[in-house]
Amino acid sequence: MAKKWGQHFLIRQGVVERMLKQSQISEGDQVVEIGPGKGFLTRALLKRGVQVTAVEIDPELCQELRVNYGKLEQFQLLEGDVMQIDPLKLCPQGHGSAKLVANLPYQIASALILRLLPFRKCWKSLTLMVQKEVADRICATPEQRKEYGSLSLAAGLGFDCRHFLNVPPAAFRPKPKVDSSLIFLEPRDSGIKEEEEEEFLNWSRTLFENRRKLLSGSIRRHFPDWYQKDQDYLQETIGKRRPEAIPHQEWLDLFRRFINFRNRKC
């Protein structure tokens, strides 16, 4: 295994069983596994009688997977970088038909969730092993202000998220230097137009750049026309709160207000 891909192989059966239980894996399911490595989770999935599509970037591991599982009709291997594969090719059976279950390489977890966000209706659920710090950020609310940020808003835009198990380094080989966590994501409607979601992500990321400063000040700096027009409303609704104190729904309400202002201006 090339170190550049940063894989840590899961070796605890108990953790695998928790993943399968949480994702409600049952016979006949369509499951995508990203980064199967040596196939520890893959083997458990196949024993459950599911159809597994595994995506692996490491050529040596791909060869090992082919030797062990390549003759099984219920196993398909896609060799390549998941960040370069069309997300629609990962769920060819149609919307809401597949489950994603994966022990993700740490360095791609955040980027992959953002990449899959526009295609989330393909999935029934995503059960993911990620670095604990990333899990905390993905599932954070304003009550966890240190972790709550633009990644939290991005995940919350399209998923209901549950952080359900912390996993120590001893559960992997080689042992990572950090703790890991399992998160469970269920796709949901964002409440805004599909074509507006990417704009929301960029808009909220811009306003979160100075998370310790007042949100009203960031709006005034980045969107002065809107601030000038809507100053009374903004002062009434967000007051002297910082970005890290604004719940997700309020962010969406503010974005709708911004969109309405922009459309009237045009």
# chains A, B, ... in the order shown; residues from 1 in each chain; ligands from 1
$ residues_around --residues "A:Arg257" --least-positions-apart "5" --cutoff "10 Å" --atoms "only C-alpha atoms" --output "PyMOL selection string"
chain A and resi 226+230+233-234+251-252+262-263
$ select_by_dssp --residues "stretch 8-179 of chain A" --states "strand (DSSP E or B)" --output "count of residues only"
44
$ closest_atom_pairs --of "stretch 32-76 of chain A" --to "stretch 82-98 of chain A" --cutoff "12 Å" --atoms "only C-alpha atoms" --output "CSV"
residue,atom,partner,partner_atom,distance
A:Val32,CA,A:Leu90,CA,7.0
A:Glu33,CA,A:Leu90,CA,9.6
A:Ile34,CA,A:Val82,CA,7.4
A:Gly35,CA,A:Val82,CA,8.7
A:Pro36,CA,A:Val82,CA,11.9
A:Val50,CA,A:Ala98,CA,10.5
A:Gln51,CA,A:Ala98,CA,9.6
A:Val52,CA,A:Ala98,CA,9.8
A:Thr53,CA,A:Leu90,CA,7.7
A:Ala54,CA,A:Leu90,CA,9.3
A:Val55,CA,A:Val82,CA,6.6
A:Glu56,CA,A:Val82,CA,7.7
A:Ile57,CA,A:Val82,CA,7.6
A:Asp58,CA,A:Val82,CA,11.4
A:Gln76,CA,A:Leu90,CA,10.9
$ atom_distance --atom1 "atom CA of A:Glu250" --atom2 "atom CA of A:Thr127"
27.3 Å
$ atom_distance --atom1 "atom CA of A:Lys265" --atom2 "atom CA of A:Arg211"
27.9 Å
$ closest_residue --among "A:Gly28, A:Gly37, A:Pro243, A:Gly70" --to "A:Arg212" --atoms "only C-alpha atoms"
A:Pro243
$ decode --residues "stretch 12-24 of chain A" --atoms "all heavy atoms" --output "PDB file, in the first residue's frame"
ATOM      1  N   ARG A  12     -11.209  -4.716  13.676  1.00  0.00           N
ATOM      2  CA  ARG A  12     -12.092  -5.133  14.761  1.00  0.00           C
ATOM      3  C   ARG A  12     -13.470  -5.506  14.217  1.00  0.00           C
ATOM      4  O   ARG A  12     -14.194  -4.663  13.706  1.00  0.00           O
ATOM      5  CB  ARG A  12     -12.223  -4.036  15.814  1.00  0.00           C
ATOM      6  CG  ARG A  12     -11.030  -3.962  16.738  1.00  0.00           C
ATOM      7  CD  ARG A  12     -11.331  -3.163  17.970  1.00  0.00           C
ATOM      8  NE  ARG A  12     -10.180  -3.101  18.846  1.00  0.00           N
ATOM      9  CZ  ARG A  12     -10.119  -2.350  19.947  1.00  0.00           C
ATOM     10  NH1 ARG A  12     -11.157  -1.606  20.290  1.00  0.00           N
ATOM     11  NH2 ARG A  12      -9.037  -2.343  20.692  1.00  0.00           N
ATOM     12  N   GLN A  13     -13.833  -6.776  14.406  1.00  0.00           N
ATOM     13  CA  GLN A  13     -15.109  -7.266  13.905  1.00  0.00           C
ATOM     14  C   GLN A  13     -16.280  -6.563  14.583  1.00  0.00           C
ATOM     15  O   GLN A  13     -17.313  -6.314  13.953  1.00  0.00           O
ATOM     16  CB  GLN A  13     -15.210  -8.781  14.117  1.00  0.00           C
ATOM     17  CG  GLN A  13     -16.423  -9.423  13.470  1.00  0.00           C
ATOM     18  CD  GLN A  13     -16.434  -9.285  11.954  1.00  0.00           C
ATOM     19  OE1 GLN A  13     -15.385  -9.329  11.318  1.00  0.00           O
ATOM     20  NE2 GLN A  13     -17.625  -9.133  11.381  1.00  0.00           N
ATOM     21  N   GLY A  14     -16.116  -6.240  15.865  1.00  0.00           N
ATOM     22  CA  GLY A  14     -17.195  -5.573  16.586  1.00  0.00           C
ATOM     23  C   GLY A  14     -17.562  -4.233  15.981  1.00  0.00           C
ATOM     24  O   GLY A  14     -18.742  -3.854  15.945  1.00  0.00           O
ATOM     25  N   VAL A  15     -16.561  -3.511  15.508  1.00  0.00           N
ATOM     26  CA  VAL A  15     -16.812  -2.209  14.884  1.00  0.00           C
ATOM     27  C   VAL A  15     -17.540  -2.406  13.551  1.00  0.00           C
ATOM     28  O   VAL A  15     -18.481  -1.666  13.218  1.00  0.00           O
ATOM     29  CB  VAL A  15     -15.495  -1.442  14.678  1.00  0.00           C
ATOM     30  CG1 VAL A  15     -15.750  -0.144  13.920  1.00  0.00           C
ATOM     31  CG2 VAL A  15     -14.835  -1.144  16.016  1.00  0.00           C
ATOM     32  N   VAL A  16     -17.124  -3.425  12.794  1.00  0.00           N
ATOM     33  CA  VAL A  16     -17.810  -3.737  11.537  1.00  0.00           C
ATOM     34  C   VAL A  16     -19.274  -4.063  11.798  1.00  0.00           C
ATOM     35  O   VAL A  16     -20.175  -3.600  11.073  1.00  0.00           O
ATOM     36  CB  VAL A  16     -17.113  -4.904  10.815  1.00  0.00           C
ATOM     37  CG1 VAL A  16     -17.983  -5.423   9.671  1.00  0.00           C
ATOM     38  CG2 VAL A  16     -15.764  -4.476  10.289  1.00  0.00           C
ATOM     39  N   GLU A  17     -19.544  -4.848  12.830  1.00  0.00           N
ATOM     40  CA  GLU A  17     -20.929  -5.207  13.136  1.00  0.00           C
ATOM     41  C   GLU A  17     -21.755  -3.979  13.487  1.00  0.00           C
ATOM     42  O   GLU A  17     -22.929  -3.880  13.120  1.00  0.00           O
ATOM     43  CB  GLU A  17     -20.962  -6.226  14.284  1.00  0.00           C
ATOM     44  CG  GLU A  17     -20.383  -7.587  13.930  1.00  0.00           C
ATOM     45  CD  GLU A  17     -21.099  -8.239  12.757  1.00  0.00           C
ATOM     46  OE1 GLU A  17     -22.338  -8.127  12.668  1.00  0.00           O
ATOM     47  OE2 GLU A  17     -20.409  -8.853  11.913  1.00  0.00           O
ATOM     48  N   ARG A  18     -21.164  -3.013  14.182  1.00  0.00           N
ATOM     49  CA  ARG A  18     -21.880  -1.770  14.498  1.00  0.00           C
ATOM     50  C   ARG A  18     -22.182  -0.988  13.228  1.00  0.00           C
ATOM     51  O   ARG A  18     -23.255  -0.385  13.086  1.00  0.00           O
ATOM     52  CB  ARG A  18     -21.056  -0.902  15.467  1.00  0.00           C
ATOM     53  CG  ARG A  18     -21.052  -1.383  16.900  1.00  0.00           C
ATOM     54  CD  ARG A  18     -22.426  -1.279  17.554  1.00  0.00           C
ATOM     55  NE  ARG A  18     -22.959   0.089  17.528  1.00  0.00           N
ATOM     56  CZ  ARG A  18     -22.725   1.016  18.449  1.00  0.00           C
ATOM     57  NH1 ARG A  18     -21.933   0.720  19.476  1.00  0.00           N
ATOM     58  NH2 ARG A  18     -23.263   2.216  18.372  1.00  0.00           N
ATOM     59  N   MET A  19     -21.249  -0.981  12.290  1.00  0.00           N
ATOM     60  CA  MET A  19     -21.479  -0.296  11.016  1.00  0.00           C
ATOM     61  C   MET A  19     -22.647  -0.928  10.269  1.00  0.00           C
ATOM     62  O   MET A  19     -23.533  -0.224   9.754  1.00  0.00           O
ATOM     63  CB  MET A  19     -20.218  -0.343  10.149  1.00  0.00           C
ATOM     64  CG  MET A  19     -19.040   0.414  10.707  1.00  0.00           C
ATOM     65  SD  MET A  19     -17.549   0.269   9.664  1.00  0.00           S
ATOM     66  CE  MET A  19     -17.990   1.372   8.295  1.00  0.00           C
ATOM     67  N   LEU A  20     -22.665  -2.263  10.210  1.00  0.00           N
ATOM     68  CA  LEU A  20     -23.717  -2.961   9.476  1.00  0.00           C
ATOM     69  C   LEU A  20     -25.067  -2.813  10.166  1.00  0.00           C
ATOM     70  O   LEU A  20     -26.103  -2.662   9.500  1.00  0.00           O
ATOM     71  CB  LEU A  20     -23.362  -4.443   9.336  1.00  0.00           C
ATOM     72  CG  LEU A  20     -22.057  -4.764   8.610  1.00  0.00           C
ATOM     73  CD1 LEU A  20     -21.901  -6.263   8.436  1.00  0.00           C
ATOM     74  CD2 LEU A  20     -21.983  -4.067   7.266  1.00  0.00           C
ATOM     75  N   LYS A  21     -25.056  -2.814  11.495  1.00  0.00           N
ATOM     76  CA  LYS A  21     -26.307  -2.643  12.239  1.00  0.00           C
ATOM     77  C   LYS A  21     -26.866  -1.243  12.040  1.00  0.00           C
ATOM     78  O   LYS A  21     -28.065  -1.067  11.804  1.00  0.00           O
ATOM     79  CB  LYS A  21     -26.065  -2.912  13.725  1.00  0.00           C
ATOM     80  CG  LYS A  21     -27.324  -2.776  14.573  1.00  0.00           C
ATOM     81  CD  LYS A  21     -27.037  -3.090  16.036  1.00  0.00           C
ATOM     82  CE  LYS A  21     -28.300  -2.953  16.877  1.00  0.00           C
ATOM     83  NZ  LYS A  21     -28.023  -3.253  18.329  1.00  0.00           N
ATOM     84  N   GLN A  22     -26.004  -0.239  12.123  1.00  0.00           N
ATOM     85  CA  GLN A  22     -26.456   1.145  11.988  1.00  0.00           C
ATOM     86  C   GLN A  22     -27.017   1.400  10.586  1.00  0.00           C
ATOM     87  O   GLN A  22     -28.022   2.097  10.418  1.00  0.00           O
ATOM     88  CB  GLN A  22     -25.306   2.109  12.257  1.00  0.00           C
ATOM     89  CG  GLN A  22     -25.676   3.586  12.159  1.00  0.00           C
ATOM     90  CD  GLN A  22     -26.693   4.000  13.198  1.00  0.00           C
ATOM     91  OE1 GLN A  22     -26.563   3.677  14.373  1.00  0.00           O
ATOM     92  NE2 GLN A  22     -27.721   4.705  12.770  1.00  0.00           N
ATOM     93  N   SER A  23     -26.370   0.836   9.578  1.00  0.00           N
ATOM     94  CA  SER A  23     -26.810   1.055   8.197  1.00  0.00           C
ATOM     95  C   SER A  23     -27.942   0.118   7.798  1.00  0.00           C
ATOM     96  O   SER A  23     -28.436   0.195   6.670  1.00  0.00           O
ATOM     97  CB  SER A  23     -25.632   0.897   7.238  1.00  0.00           C
ATOM     98  OG  SER A  23     -24.990  -0.346   7.412  1.00  0.00           O
ATOM     99  N   GLN A  24     -28.360  -0.771   8.709  1.00  0.00           N
ATOM    100  CA  GLN A  24     -29.477  -1.700   8.470  1.00  0.00           C
ATOM    101  C   GLN A  24     -29.264  -2.501   7.189  1.00  0.00           C
ATOM    102  O   GLN A  24     -30.150  -2.625   6.338  1.00  0.00           O
ATOM    103  CB  GLN A  24     -30.806  -0.933   8.434  1.00  0.00           C
ATOM    104  CG  GLN A  24     -31.121  -0.227   9.728  1.00  0.00           C
ATOM    105  CD  GLN A  24     -32.454   0.514   9.702  1.00  0.00           C
ATOM    106  OE1 GLN A  24     -33.021   0.770   8.650  1.00  0.00           O
ATOM    107  NE2 GLN A  24     -32.971   0.848  10.873  1.00  0.00           N
TER     108      GLN A  24
END
